[in-house]
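> Encoded as structure tokens, here's the structure I'll be asking about.
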Amino acid sequence: MHLQKLFFRNFRNFEKVDLQMEKGLTLLWGDNAQGKTNFLEAVFFLANLKSFRNSKNRDIIRWGESCCHISGDIMFQPCCKKVEVGVEKTGKSVRLNGKPVKSGRDYFGLFKTVLFSPEELNLVKGGPAGRRSLLDRAVFLADPDFLERVKKYDNYLKNRNRLLKEKRFRDELEVWTEGFLENGVRLRKDRITYLREFTPELKKNYREIAGTAENVDILYPGSEKGDEELGKDLREDLKKTREKERDLGYTLVGPHWDDPLFLVDGRPLRIFGSQGQKRSFLMAFKITQIQAIEAKTGKTPVLLLDDMASELDSFRQLNFFRFLSSREGQVFMTTTDKQQLARCGVSPSRSFQVCAGTLEEVKYERL
Amino acid sequence: MLNSISYFAKLVAELAKFPGVGQKTATRLAFFILTQPQEEAEALADTIRDLKRKVHFCPICFQMTESDPCQICADPRRDRNLLCIVEEPQDVLAIERSHAFKGQYHVLHGALSPLDGVGPEDLKIAELEERLQAGEIKEILIATNFSVKGETTALYLARLIKPRGLRVTRLAHGIPLGSDLEYIDQGTVGRAIEGRQEF
């Protein structure tokens with residue numbers, strides 16, 4: 001799977017971009033605040049119908065314009081699909097091969113991207129919510145139906161919370177609790193099942209990148225338990241928090257509170273990990289994720305790397321780029337420092353200089 | 001300009017209250033009515049008036065009806081031991097079209113949905129319990145929708161009714177008749193496999 005043609009208009013600081021793309025590595029370089037990340041964001045938006053920067057629709061529309069448009073021809077061997085997204089301040093419209101897409105279900109999972117950005121690094125450094133979202137995104141990319149299950153759980157949870165908030169504790173709460181339990185256990189099971197295959201590969205990939213014997217791990221609460229026990233646990237936890245949740249007016253347990261621990265040598269990465277360790281962890285996480293998608297769907301996701309080489313020692317850089325060059329897929333990468341990449345032996349198939357919202361193709365000279 | 005024609009503007013405003021009808025469609029509809037012959041437009045007005053005057057909800061099952069009680073509740077050939085619970089009056093019409101159900105109905109007029117402020121007291125559940133109290137009903141078929149709201153309502157009703165010792169059944173779900181397996185979503189196929197039957 002790769003992006004063959006990319007077009008966007010009025011997206012962030014770009015007026016218009018119309019490019020033929022190739023497989024392999026496309027390099028975007030330029031100074032800060034020129035639009036490198038915006039370019040990646042446009043590709044990400046095409047795949048995910050949202051930004052990775054937590055932006056509202058109106059933020060991605062070019063200043064002074066009323067709408068923006070992104071479209072792409074995506075090559076799936078042997079045929080090509082055309083996807084188009086129009087964004088207005090009030091909403092967006094999506095077309096697949098010229099036909100309107102009504103449900104996200106028909107669209108998501110088609111064009112898969114894996115992103116590495118400083119924003120994601122903050123998720124590793126921050127609280128449990130960020131780690132959950134990293135994990136959920138990985139599960140979703142391998143199994144698009146996961147999204148439906150998250151939504152269903154969320155629906156039960158919100159209804160349940162409303163009852164708690166309005167202090168309606170009678171039999172009505174009981175039946176919403178049943179749906180909450182069933183779907184909550186399902187979500188935990190989805191995450192645990194995913195991690196069971198994921199974690200051993202993550203360990204391997206981390207060692208390769210870091211070149212050390214350090215042992216990383218992801219510990220999900222209850223991961224050693226069977227279905228029945230998971231169900232019993234959640235029911236038990238609900239019972240324990242019964243008084244408190246009625247007091248506070250919202251559900252206090254469940255997969256939406258779970259904390260998947262990221263560990264390095266048995267200690268929380270967030271607290272004890274160095275900058276380089278965190279970055280290596282995220283890299284290994286992403287590489288494992290790509291491998292998992294490839295193994296499960298047979299599709300090679302498009303990789304988006306935002307300013308990823310900084311803060312890594314040259315050894316780790318070299319290892320990461322070795323992984324990149326060993327793959328078939330398409331990669332978009334931004335950098336402020338062309339020379340650094342050259343030192344690692346990176347040779348892009350196309351390279352563009354980004355300057356104040358314009359792209360200029362430049363020949364990339366190897367140093 | 002249109003606002004100065006007050007009758008027209010008023011009709012547009014009324015039509016725009018309809019579900020699924022916005023300002024533009026309402027304007028088109030109003031224009032259509034305006035260009036119709038006098039008697040047709042008046043026939044429409046009469047029909048609306050008659051609908052409100054003559055059609056009401058059956059005091060027993062809460063289906064819409066012109067007679068009192070409704071035809072189904074009054075029909076001696078319908079099985080009085082069997083009661084089917086649905087969310088909306090339209091659902092009764094859907095089941096009746098199948099000619100497969102010979103019992104009576106109970107329309108809840110909604111489904112549980114705390115987020116929309118709908119609780120058991122907003123549905124015709126107290127009325128349902130009253131009907132069960134009479135003792136004639138032996139089996140309850142719960143035919144609420146297969147959505148989060150419908151499923152939760154079904155569970156609520158099952159828990160309410162089962163202690164009375166009645167048989168409680170739920171509409172089966174699975175592959176629609178005449179459909180190709182390849183086009184069915186995974187969830188439905190999964191449920192159909194769980195609910196498979198001896199050949």
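Following the order of the structure tokens, chains are lettered A, B, ..., residues in each are numbered from 1, and ligands are numbered from 1.
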Which residues of chain B sit at most 12 Å from chain A, using only C-alpha atoms? Give each one's shortest atom pair and distance in Å (one decimal place), in chain and ascending residue order, as a Markdown table.


| residue | atom | partner | partner_atom | distance |
| --- | --- | --- | --- | --- |
| B:Ala111 | CA | A:Glu172 | CA | 11.8 |
| B:Leu112 | CA | A:Glu172 | CA | 8.5 |
| B:Ser113 | CA | A:Asn159 | CA | 6.8 |
| B:Pro114 | CA | A:Asn159 | CA | 5.3 |
| B:Leu115 | CA | A:Asn159 | CA | 5.4 |
| B:Asp116 | CA | A:Asn159 | CA | 8.9 |
| B:Gly117 | CA | A:Arg162 | CA | 8.8 |
| B:Val118 | CA | A:Asn159 | CA | 10.4 |
| B:Gly119 | CA | A:Glu172 | CA | 7.6 |
| B:Pro120 | CA | A:Glu172 | CA | 7.4 |
| B:Glu121 | CA | A:Glu172 | CA | 10.4 |
| B:Ser147 | CA | A:Lys152 | CA | 9.4 |
| B:Val148 | CA | A:Lys152 | CA | 7.3 |
| B:Lys149 | CA | A:Tyr156 | CA | 8.9 |
| B:Gly150 | CA | A:Trp176 | CA | 11.3 |
| B:Glu151 | CA | A:Gly179 | CA | 8.6 |
| B:Thr152 | CA | A:Val175 | CA | 6.1 |
| B:Thr153 | CA | A:Val175 | CA | 7.9 |
| B:Ala154 | CA | A:Val175 | CA | 9.2 |
| B:Leu155 | CA | A:Val175 | CA | 6.3 |
| B:Tyr156 | CA | A:Val175 | CA | 5.8 |
| B:Leu157 | CA | A:Val175 | CA | 9.5 |
| B:Ala158 | CA | A:Val175 | CA | 10.0 |
| B:Arg159 | CA | A:Val175 | CA | 8.6 |
| B:Leu160 | CA | A:Asp171 | CA | 8.9 |
| B:Asp185 | CA | A:Asp145 | CA | 9.7 |
| B:Gln186 | CA | A:Asp145 | CA | 8.3 |
| B:Gly187 | CA | A:Asp145 | CA | 8.9 |

> Can you tell me which residues surround Ile193 in chain B at a distance of at most 12 Å, considering only C-alpha atoms, apart from same-chain residues fewer than 5 positions away, and format the answer as a PyMOL selection string?

chain B and resi 173-175+181+186-188+198

> Kindly save the residues from that selection, with C-alpha atoms included, as a compact mmCIF listing (two decimals), in the first residue's frame.


# COMPACT_ATOMS: atom_id res chain seq x y z
CA HIS B 173 -30.87 -12.27 15.43
CA GLY B 174 -28.72 -13.49 12.58
CA ILE B 175 -28.38 -13.45 8.83
CA LEU B 181 -22.98 -14.12 3.69
CA GLN B 186 -18.65 -9.56 11.47
CA GLY B 187 -20.77 -8.91 14.55
CA THR B 188 -23.90 -10.35 12.95
CA GLU B 198 -29.64 -28.17 14.67

> Could you find all residues in range 88-182 of chain A that DSSP calls strand (DSSP E or B) from the backbone, and write them as an MDAnalysis selection string?

chainID A and resid 88 92:96 99:100 113:116

> Could you check which of B:Phe62, B:Phe31, B:Tyr7, B:Tyr183 is closest to Ile125 in chain B, using only C-alpha atoms?

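Comparing B:Phe62, B:Phe31, B:Tyr7, B:Tyr183 against Ile125 in chain B, the winner is B:Phe62.
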
> Fewer than 5 positions away in the same chain doesn't count, so skip those; otherwise give me all residues within 12 Å of Leu19 in chain A, counting only C-alpha atoms, as a compact mmCIF listing (two decimals) with N, CA and C atoms, in the first residue's frame.


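Output file result-v5.txt follows:
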# COMPACT_ATOMS: atom_id res chain seq x y z
N LEU A 3 0.90 5.72 -1.20
CA LEU A 3 0.24 6.90 -1.72
C LEU A 3 0.89 7.23 -3.06
N GLN A 4 0.06 7.25 -4.12
CA GLN A 4 0.63 7.47 -5.45
C GLN A 4 0.56 8.93 -5.85
N LYS A 5 -0.54 9.55 -5.38
CA LYS A 5 -0.74 10.94 -5.74
C LYS A 5 -1.29 11.64 -4.51
N LEU A 6 -0.78 12.81 -4.24
CA LEU A 6 -1.28 13.55 -3.09
C LEU A 6 -1.61 14.97 -3.52
N PHE A 7 -2.81 15.39 -3.16
CA PHE A 7 -3.24 16.74 -3.49
C PHE A 7 -3.83 17.35 -2.23
N PHE A 8 -3.45 18.57 -1.89
CA PHE A 8 -4.24 19.28 -0.89
C PHE A 8 -4.22 20.78 -1.12
N ARG A 9 -5.32 21.40 -0.70
CA ARG A 9 -5.50 22.83 -0.93
C ARG A 9 -5.98 23.48 0.37
N THR A 26 10.46 9.58 1.26
CA THR A 26 10.35 10.97 0.82
C THR A 26 10.79 11.84 1.98
N PHE A 39 2.60 18.99 6.47
CA PHE A 39 2.55 18.06 5.35
C PHE A 39 2.20 16.65 5.85
N ILE A 70 -8.35 17.61 0.83
CA ILE A 70 -7.20 16.72 0.71
C ILE A 70 -7.66 15.52 -0.10
N SER A 71 -6.85 15.10 -1.04
CA SER A 71 -7.21 13.87 -1.74
C SER A 71 -5.96 13.08 -2.08
N GLY A 72 -6.13 11.81 -2.28
CA GLY A 72 -4.98 10.97 -2.60
C GLY A 72 -5.38 9.76 -3.41
N ASP A 73 -4.47 9.30 -4.26
CA ASP A 73 -4.65 8.03 -4.93
C ASP A 73 -3.81 7.02 -4.17
N ARG A 350 12.89 10.72 -3.01
CA ARG A 350 12.58 12.10 -3.38
C ARG A 350 12.93 12.96 -2.19
N PHE A 352 12.31 17.11 -0.68
CA PHE A 352 11.71 18.43 -0.89
C PHE A 352 12.16 19.39 0.18
N LEU A 359 6.64 23.80 -1.49
CA LEU A 359 7.56 22.67 -1.62
C LEU A 359 8.42 22.88 -2.85
N GLU A 360 9.70 22.59 -2.68
CA GLU A 360 10.54 22.63 -3.86
C GLU A 360 11.37 21.37 -3.90
N GLU A 361 11.26 20.65 -5.00
CA GLU A 361 12.02 19.40 -5.08
C GLU A 361 13.50 19.73 -5.28

> Can you list every residue of range 120-239 of chain A that has an atom at most 7 Å from range 268-288 of chain A, with its nearest atom pair and the distance in Å to one decimal, using only C-alpha atoms, ordered by chain then number, as a Markdown table?


| residue | atom | partner | partner_atom | distance |
| --- | --- | --- | --- | --- |
| A:Leu121 | CA | A:Arg279 | CA | 6.8 |
| A:Val124 | CA | A:Arg270 | CA | 6.5 |
| A:Lys125 | CA | A:Arg270 | CA | 5.0 |
| A:Gly126 | CA | A:Arg270 | CA | 6.9 |
| A:Phe198 | CA | A:Thr288 | CA | 6.8 |
| A:Glu201 | CA | A:Thr288 | CA | 6.2 |
| A:Leu202 | CA | A:Thr288 | CA | 5.6 |
| A:Asn205 | CA | A:Ala284 | CA | 5.3 |
| A:Tyr206 | CA | A:Ala284 | CA | 5.0 |
| A:Ile209 | CA | A:Ser280 | CA | 6.7 |
| A:Ala210 | CA | A:Ser280 | CA | 6.5 |

> Mind checking which residues fall within 8 Å of Pro89 in chain B, counting only C-alpha atoms, ignoring those fewer than 3 positions away in the same chain, and posting them as number ranges by chain?

B: 62-64, 86, 92-93, 107, 109

> For those residues, write C-alpha atoms to a file as an mmCIF file, in the first residue's frame.


data_model
loop_
_atom_site.group_PDB
_atom_site.id
_atom_site.type_symbol
_atom_site.label_atom_id
_atom_site.label_comp_id
_atom_site.auth_asym_id
_atom_site.auth_seq_id
_atom_site.Cartn_x
_atom_site.Cartn_y
_atom_site.Cartn_z
ATOM 1 C CA PHE B 62 -50.681 1.766 23.120
ATOM 2 C CA GLN B 63 -50.652 1.037 19.412
ATOM 3 C CA MET B 64 -52.296 3.726 17.305
ATOM 4 C CA VAL B 86 -41.916 -3.358 20.922
ATOM 5 C CA VAL B 92 -46.050 -3.377 15.312
ATOM 6 C CA LEU B 93 -46.673 -2.652 11.637
ATOM 7 C CA VAL B 107 -45.856 -0.621 22.684
ATOM 8 C CA HIS B 109 -43.088 4.297 23.161
#

> Have a look at CA of Arg78 in chain B and CA of Leu51 in chain B and let me know their distance in Å, one decimal.

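Taking CA of Arg78 in chain B and CA of Leu51 in chain B, their separation equals 26.3 Å.
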
> Taking only C-alpha atoms into account, name the residue in B:Glu66, B:Glu182, B:Asp79, B:Glu87 that is nearest to Lys124 in chain B.

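Using only C-alpha atoms, Lys124 in chain B sits closest to B:Glu87.
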
> Based on DSSP run over this structure's backbone, return all residues of range 1-198 of chain B in helix (DSSP H, G or I), as a PyMOL selection string.

chain B and resi 2-4+6-15+23-35+38-54+71-74+89-97+114-116+120-122+125-133+148-164+181-183+186-194

> Near Asn32 in chain A, within 10 Å and counting only C-alpha atoms, which residues show up once chain neighbours fewer than 5 positions away are dropped, as a compact mmCIF listing (two decimals) with N, CA and C atoms, in the first residue's frame?


# COMPACT_ATOMS: atom_id res chain seq x y z
N THR A 37 5.69 19.54 9.36
CA THR A 37 4.75 18.71 10.11
C THR A 37 3.35 18.80 9.51
N THR A 335 12.90 16.60 8.64
CA THR A 335 14.10 16.87 9.43
C THR A 335 14.54 18.32 9.24
N THR A 336 15.25 18.82 10.22
CA THR A 336 15.86 20.14 10.04
C THR A 336 17.33 19.97 9.64
N VAL A 354 10.99 22.44 2.31
CA VAL A 354 9.76 23.10 2.70
C VAL A 354 10.10 24.50 3.18
N CYS A 355 9.44 25.48 2.54
CA CYS A 355 9.74 26.87 2.90
C CYS A 355 8.46 27.69 2.85
N ALA A 356 8.00 28.13 4.02
CA ALA A 356 6.80 28.96 4.15
C ALA A 356 5.63 28.44 3.34

> Neighbouring residues of Ile33 in chain B were defined as those with any atom within 10 Å, considering only C-alpha atoms; residues of the same chain fewer than 5 positions away were excluded. Please report them as an NGL selection string.

:B and (11 or 27-28 or 38 or 40-42 or 44)

> Just the number, please: distance in Å from CA of Arg235 in chain A to CA of Gly222 in chain A, one decimal.

13.5 Å

> Compile the contact shell of Lys54 in chain B as a list of chain:residue names: residues with an atom at most 12 Å away, counting only C-alpha atoms, same-chain residues fewer than 2 positions apart removed.

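Once the nearby chain positions are removed, what remains is B:Asp46, B:Thr47, B:Ile48, B:Arg49, B:Asp50, B:Leu51, B:Lys52, B:His56, B:Phe57, B:Cys58, B:Met64, B:Thr65, B:Glu66, B:Ser67, B:Asp68.
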
> Using only N, CA, C and O atoms, please write the residues we just selected to a file, as an mmCIF file, in the first residue's frame.


data_model
loop_
_atom_site.group_PDB
_atom_site.id
_atom_site.type_symbol
_atom_site.label_atom_id
_atom_site.label_comp_id
_atom_site.auth_asym_id
_atom_site.auth_seq_id
_atom_site.Cartn_x
_atom_site.Cartn_y
_atom_site.Cartn_z
ATOM 1 N N ASP B 46 -57.723 18.517 6.030
ATOM 2 C CA ASP B 46 -58.756 17.708 6.690
ATOM 3 C C ASP B 46 -58.158 16.414 7.224
ATOM 4 O O ASP B 46 -58.496 15.970 8.319
ATOM 5 N N THR B 47 -57.294 15.810 6.397
ATOM 6 C CA THR B 47 -56.693 14.537 6.812
ATOM 7 C C THR B 47 -55.891 14.711 8.093
ATOM 8 O O THR B 47 -55.952 13.876 8.996
ATOM 9 N N ILE B 48 -55.157 15.799 8.152
ATOM 10 C CA ILE B 48 -54.369 16.055 9.358
ATOM 11 C C ILE B 48 -55.293 16.250 10.557
ATOM 12 O O ILE B 48 -55.081 15.694 11.637
ATOM 13 N N ARG B 49 -56.355 17.007 10.344
ATOM 14 C CA ARG B 49 -57.298 17.259 11.441
ATOM 15 C C ARG B 49 -57.942 15.951 11.900
ATOM 16 O O ARG B 49 -57.989 15.645 13.089
ATOM 17 N N ASP B 50 -58.372 15.116 10.908
ATOM 18 C CA ASP B 50 -59.011 13.845 11.240
ATOM 19 C C ASP B 50 -58.039 12.932 11.989
ATOM 20 O O ASP B 50 -58.433 12.234 12.922
ATOM 21 N N LEU B 51 -56.798 12.942 11.523
ATOM 22 C CA LEU B 51 -55.795 12.082 12.162
ATOM 23 C C LEU B 51 -55.729 12.384 13.655
ATOM 24 O O LEU B 51 -55.771 11.504 14.503
ATOM 25 N N LYS B 52 -55.662 13.677 13.964
ATOM 26 C CA LYS B 52 -55.532 14.063 15.369
ATOM 27 C C LYS B 52 -56.816 13.804 16.148
ATOM 28 O O LYS B 52 -56.808 13.489 17.325
ATOM 29 N N HIS B 56 -55.865 7.663 17.973
ATOM 30 C CA HIS B 56 -55.236 7.850 19.273
ATOM 31 C C HIS B 56 -54.536 6.554 19.642
ATOM 32 O O HIS B 56 -54.501 5.608 18.845
ATOM 33 N N PHE B 57 -53.972 6.486 20.804
ATOM 34 C CA PHE B 57 -53.299 5.256 21.193
ATOM 35 C C PHE B 57 -54.234 4.370 21.993
ATOM 36 O O PHE B 57 -54.986 4.859 22.852
ATOM 37 N N CYS B 58 -54.192 3.096 21.669
ATOM 38 C CA CYS B 58 -55.046 2.105 22.338
ATOM 39 C C CYS B 58 -54.751 2.112 23.838
ATOM 40 O O CYS B 58 -53.589 2.086 24.241
ATOM 41 N N MET B 64 -51.336 2.732 17.778
ATOM 42 C CA MET B 64 -52.296 3.726 17.305
ATOM 43 C C MET B 64 -53.546 3.034 16.773
ATOM 44 O O MET B 64 -53.459 1.932 16.222
ATOM 45 N N THR B 65 -54.661 3.679 16.950
ATOM 46 C CA THR B 65 -55.932 3.039 16.588
ATOM 47 C C THR B 65 -57.035 4.080 16.391
ATOM 48 O O THR B 65 -56.933 5.201 16.875
ATOM 49 N N GLU B 66 -58.071 3.662 15.654
ATOM 50 C CA GLU B 66 -59.242 4.533 15.526
ATOM 51 C C GLU B 66 -60.380 3.999 16.401
ATOM 52 O O GLU B 66 -61.319 4.708 16.719
ATOM 53 N N SER B 67 -60.289 2.694 16.722
ATOM 54 C CA SER B 67 -61.332 2.113 17.571
ATOM 55 C C SER B 67 -60.785 1.984 18.988
ATOM 56 O O SER B 67 -59.598 2.164 19.219
ATOM 57 N N ASP B 68 -61.651 1.610 19.899
ATOM 58 C CA ASP B 68 -61.255 1.597 21.294
ATOM 59 C C ASP B 68 -61.836 0.370 21.994
ATOM 60 O O ASP B 68 -63.051 0.313 22.211
#

> Report, in Å to a single decimal, how far apart CA of Leu219 in chain A and CA of Asp233 in chain A are.

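Those two atoms sit 17.1 Å apart.
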